[in-house]
Structure formats: C-alpha cells, structure tokens
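Undergrad: Below is a structure I'd like to ask you about.
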Amino acid sequence: MYEIQFHPADIRKQVRYYFLSRQGMRWLWLIGILLGLVFIAGAVLTPIGIQSLLLSGKLRILNQQNETQRAILAQRVSALDRMERQATRAHNRQLQMSLIMGATQTAQSGGGYPESSPIGAFSVPEAEIAIRRAVKLDTGTKALLTLADELASFARANEELTRSVPSICPLPIGSFVLTSPFGNRTSPFTNTIDFHAGIDLAAREGTPVLAPGDARVVYAGRFPLNRNVRWWRYGNVVVLKHGERYVSIYAHLEEILVRRGAQVVRGEKIGTVGNTGWSTSPHLHFEVRLTNSEDSEPEPVDPRIFILNYQWTGHEALLVSGRHAPAPSFDPLPSRVWSR
C-alpha cells in the first residue's frame, strides 16, 4: 500500500491523504509517463504543424497564381492564334497582289527560327511552344513588311499598271452566287467535259456589271454566227483591254452600255447581267486573260485570283494553283477582238 499526502500551502487547511495499492501506483506511473510522452510529442510536433499550416497557405497562394498565369497564357495563345491568322491573310493578300501585278520580289516571307534559338527553358511546355510561335510570327511579320515595301515601290513605279489591273469584282458584292468555277467541267449543253475559261456568277437580270480596272473597250456587241460559233454563244459581250497585260471578257449581258474604243475606269458600269446566248439562267460569264509577252496570245487565268474585294472559298489554294498551274488548252480571241 502506498500513501500520498497533499499539504496545502495554507497551514490552516487540513492535510489530505491518498492511499494507492501497488497496482494503482503502477497505473499512476503509466499515466504519468503517457502524459509526459504526449507533452514531449506536442512540443516536437507543434512547430511542424505550424510550419505545415504556413506551407499550406503558401501552396494555396501558389496554386492560385499558377491558375492565374495559365489563364493569362491561354489568353496570350488565343491572341497569338488571331495574329497568326491575320498574318496568313496578309501574306495571302501580298502574294495575290504580287501575282496579279507581275511583281518580282526578292525577299522571302514565312519566317522561321533556328532550332537552337536560345529562348530560355520553361517548365510549362505550352509556354515554350507559345514563345517559339511568337518568335516565328515576329520573323515572318518582318519579312512580310519587307515584301510590302517592295510591292508598294513597284506600284508607285507602275501607276498605270496598278490602275488597269482587273482587281475588283465585276458585280456588286452580295448580288451573286458562283455557279461554275474556272477549269474543266461538264458542259450543261453537250454533257461532255470542256474547259471553262472563266467563272459564271448567277445574279438577277439587270444587275450592273462594273469594269474591274481602267481599260479600253475593244469589243461591244454580239458576234455573228458565221464568224465564230463559240463566241456567238456568248450572246451580248464586252471585251476590255487593260493596258498591255490583261484582257477581260463579260458575256450573256442584257444591256451593253459602252462602245468600242471607249475608255473606262475601275468601277464604271459597262452593262447589265442578262440571259443572252447559250445561257440557262441570268448570269455573268467573266474571264481574265493574261499576256506574257507582246506577241503572245492572251491565256485564260482564274479571275478569282485577281479580285481583291471578295474572299473566295479556298482562297489560298487558288493562289497556289494560279502561280503554278500549266497553261490550259483554250480558244484564242477572235481576230476582230485581239489585234497585236
């Protein structure tokens, strides 16, 4: 038996006695040891807990910053996408203008960057990809500006050519539907494959037909059947000569508003859409022919390549084909239209 005495600090109070058996004493020691261990563990773990709480707070802040940075990166990538599309459109327009004006350019566009370009290391792959795209876009844009300067200088040195290029749509935008493109097609009359030297634009009868560039009228009327059957099928037709480089043709007209020998300017009304000649419905047959040299026969080219105020479907493919397509087999201009 063990006795435990408790003496109050005040001597006037009674002393208290506690009696414990041997087993109770063991339990008391065990409880004391456990409480000591708990105290020691608390003393050791409390700083770790506090540090963990601080680290958790920092981790939340870092996660929020990371989400914010990723959102900013997504915005930057979206802006980069838009700029790349704009640069592509600008490059296509520059290519189109140099093609139709016959301008030889020395600079190369498209840009690029060396694989070993020291742009730094990024832990986020998307960021590195975006930076590389931005570097490529910057290089390509600088090259494009150089090409634009060259083209502007060429245009200033060849003002007459610039005014005469057939570069606008001959029908008001929104008034037509492309029904037959340039190239081989199945003829709606013979049901055989033939070469279509222009494009057919379906429009309401009476829709104004406009000159796409400054030109001289070299023919206005209808060809006699006994002179040229194919051109007789065109019905009422106007042929314009744009300087020494281009010829444009407008067929199946309802009205002809110009005379042979007249000078017309870009945007001037030369006729109206009709249904004359071999035609199944009111439409304009529009051709552009290109002269490569003074003595050569003008060759048909896709008119869509030249139109700057309208975006055709598959515009980029048209530019590629316009630059590299072989000369088609075509009917030459009648002698009364084309005199060298």
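Chain lettering (A, B, ...) mirrors the order of the structure tokens, residue numbering begins at 1 for each chain separately, and ligand numbering begins at 1 in order of display.
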Go through region 8-55 of chain A and collect every residue that DSSP, computed from the backbone, puts in helix (DSSP H, G or I); the answer should be as an MDAnalysis selection string.
TA: chainID A and resid 22:55
Undergrad: Write the residues you've just listed into a file as an mmCIF file, in the first residue's frame, and include N, CA and C atoms for each of them.
TA:
```cif
data_model
loop_
_atom_site.group_PDB
_atom_site.id
_atom_site.type_symbol
_atom_site.label_atom_id
_atom_site.label_comp_id
_atom_site.auth_asym_id
_atom_site.auth_seq_id
_atom_site.Cartn_x
_atom_site.Cartn_y
_atom_site.Cartn_z
ATOM 1 N N ARG A 22 -0.510 -1.262 -4.842
ATOM 2 C CA ARG A 22 0.650 -1.415 -5.733
ATOM 3 C C ARG A 22 0.219 -1.294 -7.199
ATOM 4 N N GLN A 23 -0.906 -1.909 -7.530
ATOM 5 C CA GLN A 23 -1.380 -1.848 -8.928
ATOM 6 C C GLN A 23 -1.815 -0.432 -9.304
ATOM 7 N N GLY A 24 -2.451 0.280 -8.340
ATOM 8 C CA GLY A 24 -2.849 1.659 -8.622
ATOM 9 C C GLY A 24 -1.653 2.547 -8.844
ATOM 10 N N MET A 25 -0.583 2.252 -8.061
ATOM 11 C CA MET A 25 0.633 3.041 -8.242
ATOM 12 C C MET A 25 1.223 2.825 -9.621
ATOM 13 N N ARG A 26 1.170 1.561 -10.059
ATOM 14 C CA ARG A 26 1.681 1.300 -11.445
ATOM 15 C C ARG A 26 0.890 2.099 -12.483
ATOM 16 N N TRP A 27 -0.422 2.117 -12.300
ATOM 17 C CA TRP A 27 -1.258 2.862 -13.249
ATOM 18 C C TRP A 27 -0.936 4.357 -13.206
ATOM 19 N N LEU A 28 -0.678 4.844 -11.991
ATOM 20 C CA LEU A 28 -0.336 6.256 -11.883
ATOM 21 C C LEU A 28 0.952 6.579 -12.623
ATOM 22 N N TRP A 29 1.972 5.733 -12.448
ATOM 23 C CA TRP A 29 3.225 5.921 -13.175
ATOM 24 C C TRP A 29 3.001 5.839 -14.698
ATOM 25 N N LEU A 30 2.192 4.864 -15.089
ATOM 26 C CA LEU A 30 1.942 4.684 -16.535
ATOM 27 C C LEU A 30 1.270 5.920 -17.132
ATOM 28 N N ILE A 31 0.270 6.430 -16.341
ATOM 29 C CA ILE A 31 -0.418 7.631 -16.824
ATOM 30 C C ILE A 31 0.542 8.817 -16.878
ATOM 31 N N GLY A 32 1.424 8.901 -15.884
ATOM 32 C CA GLY A 32 2.402 9.989 -15.865
ATOM 33 C C GLY A 32 3.346 9.927 -17.059
ATOM 34 N N ILE A 33 3.801 8.678 -17.314
ATOM 35 C CA ILE A 33 4.708 8.501 -18.461
ATOM 36 C C ILE A 33 4.011 8.876 -19.762
ATOM 37 N N LEU A 34 2.735 8.435 -19.912
ATOM 38 C CA LEU A 34 1.991 8.746 -21.139
ATOM 39 C C LEU A 34 1.790 10.242 -21.301
ATOM 40 N N LEU A 35 1.448 10.902 -20.179
ATOM 41 C CA LEU A 35 1.287 12.356 -20.259
ATOM 42 C C LEU A 35 2.590 13.051 -20.612
ATOM 43 N N GLY A 36 3.691 12.528 -20.087
ATOM 44 C CA GLY A 36 4.994 13.096 -20.438
ATOM 45 C C GLY A 36 5.311 12.921 -21.911
ATOM 46 N N LEU A 37 4.999 11.709 -22.413
ATOM 47 C CA LEU A 37 5.235 11.466 -23.847
ATOM 48 C C LEU A 37 4.382 12.377 -24.716
ATOM 49 N N VAL A 38 3.115 12.552 -24.268
ATOM 50 C CA VAL A 38 2.235 13.440 -25.034
ATOM 51 C C VAL A 38 2.779 14.858 -25.031
ATOM 52 N N PHE A 39 3.264 15.311 -23.888
ATOM 53 C CA PHE A 39 3.818 16.661 -23.800
ATOM 54 C C PHE A 39 5.029 16.820 -24.699
ATOM 55 N N ILE A 40 5.918 15.786 -24.627
ATOM 56 C CA ILE A 40 7.126 15.837 -25.461
ATOM 57 C C ILE A 40 6.748 15.855 -26.948
ATOM 58 N N ALA A 41 5.788 14.962 -27.331
ATOM 59 C CA ALA A 41 5.348 14.904 -28.733
ATOM 60 C C ALA A 41 4.740 16.228 -29.162
ATOM 61 N N GLY A 42 3.944 16.813 -28.268
ATOM 62 C CA GLY A 42 3.354 18.114 -28.585
ATOM 63 C C GLY A 42 4.401 19.175 -28.791
ATOM 64 N N ALA A 43 5.429 19.136 -27.896
ATOM 65 C CA ALA A 43 6.492 20.133 -28.010
ATOM 66 C C ALA A 43 7.247 19.983 -29.318
ATOM 67 N N VAL A 44 7.395 18.724 -29.776
ATOM 68 C CA VAL A 44 8.127 18.482 -31.024
ATOM 69 C C VAL A 44 7.253 18.762 -32.249
ATOM 70 N N LEU A 45 5.987 18.313 -32.209
ATOM 71 C CA LEU A 45 5.136 18.370 -33.402
ATOM 72 C C LEU A 45 4.462 19.721 -33.614
ATOM 73 N N THR A 46 4.297 20.482 -32.554
ATOM 74 C CA THR A 46 3.614 21.778 -32.717
ATOM 75 C C THR A 46 4.308 22.688 -33.726
ATOM 76 N N PRO A 47 5.637 22.868 -33.669
ATOM 77 C CA PRO A 47 6.285 23.706 -34.705
ATOM 78 C C PRO A 47 6.098 23.146 -36.113
ATOM 79 N N ILE A 48 6.138 21.786 -36.207
ATOM 80 C CA ILE A 48 5.942 21.175 -37.527
ATOM 81 C C ILE A 48 4.538 21.464 -38.045
ATOM 82 N N GLY A 49 3.546 21.377 -37.130
ATOM 83 C CA GLY A 49 2.173 21.669 -37.530
ATOM 84 C C GLY A 49 2.005 23.103 -37.985
ATOM 85 N N ILE A 50 2.615 23.990 -37.202
ATOM 86 C CA ILE A 50 2.526 25.406 -37.577
ATOM 87 C C ILE A 50 3.179 25.643 -38.940
ATOM 88 N N GLN A 51 4.348 25.007 -39.138
ATOM 89 C CA GLN A 51 5.038 25.146 -40.431
ATOM 90 C C GLN A 51 4.202 24.575 -41.565
ATOM 91 N N SER A 52 3.515 23.444 -41.285
ATOM 92 C CA SER A 52 2.658 22.827 -42.303
ATOM 93 C C SER A 52 1.509 23.749 -42.675
ATOM 94 N N LEU A 53 0.921 24.389 -41.663
ATOM 95 C CA LEU A 53 -0.156 25.339 -41.938
ATOM 96 C C LEU A 53 0.339 26.501 -42.789
ATOM 97 N N LEU A 54 1.537 27.006 -42.452
ATOM 98 C CA LEU A 54 2.102 28.107 -43.244
ATOM 99 C C LEU A 54 2.377 27.665 -44.682
ATOM 100 N N LEU A 55 2.939 26.438 -44.797
ATOM 101 C CA LEU A 55 3.226 25.930 -46.140
ATOM 102 C C LEU A 55 1.943 25.696 -46.936
#
```
Undergrad: Quick one: distance from CA of Ala251 (chain A) to CA of Asp194 (chain A) in Å, one decimal?
TA: 17.6 Å
Undergrad: Do a neighbour search on Arg216 (chain A) at 6 Å with only C-alpha atoms, toss out local chain neighbours closer than 6 positions, and write the hits as JSON, numbers by chain.
TA: {"A": [240, 241, 262, 263]}
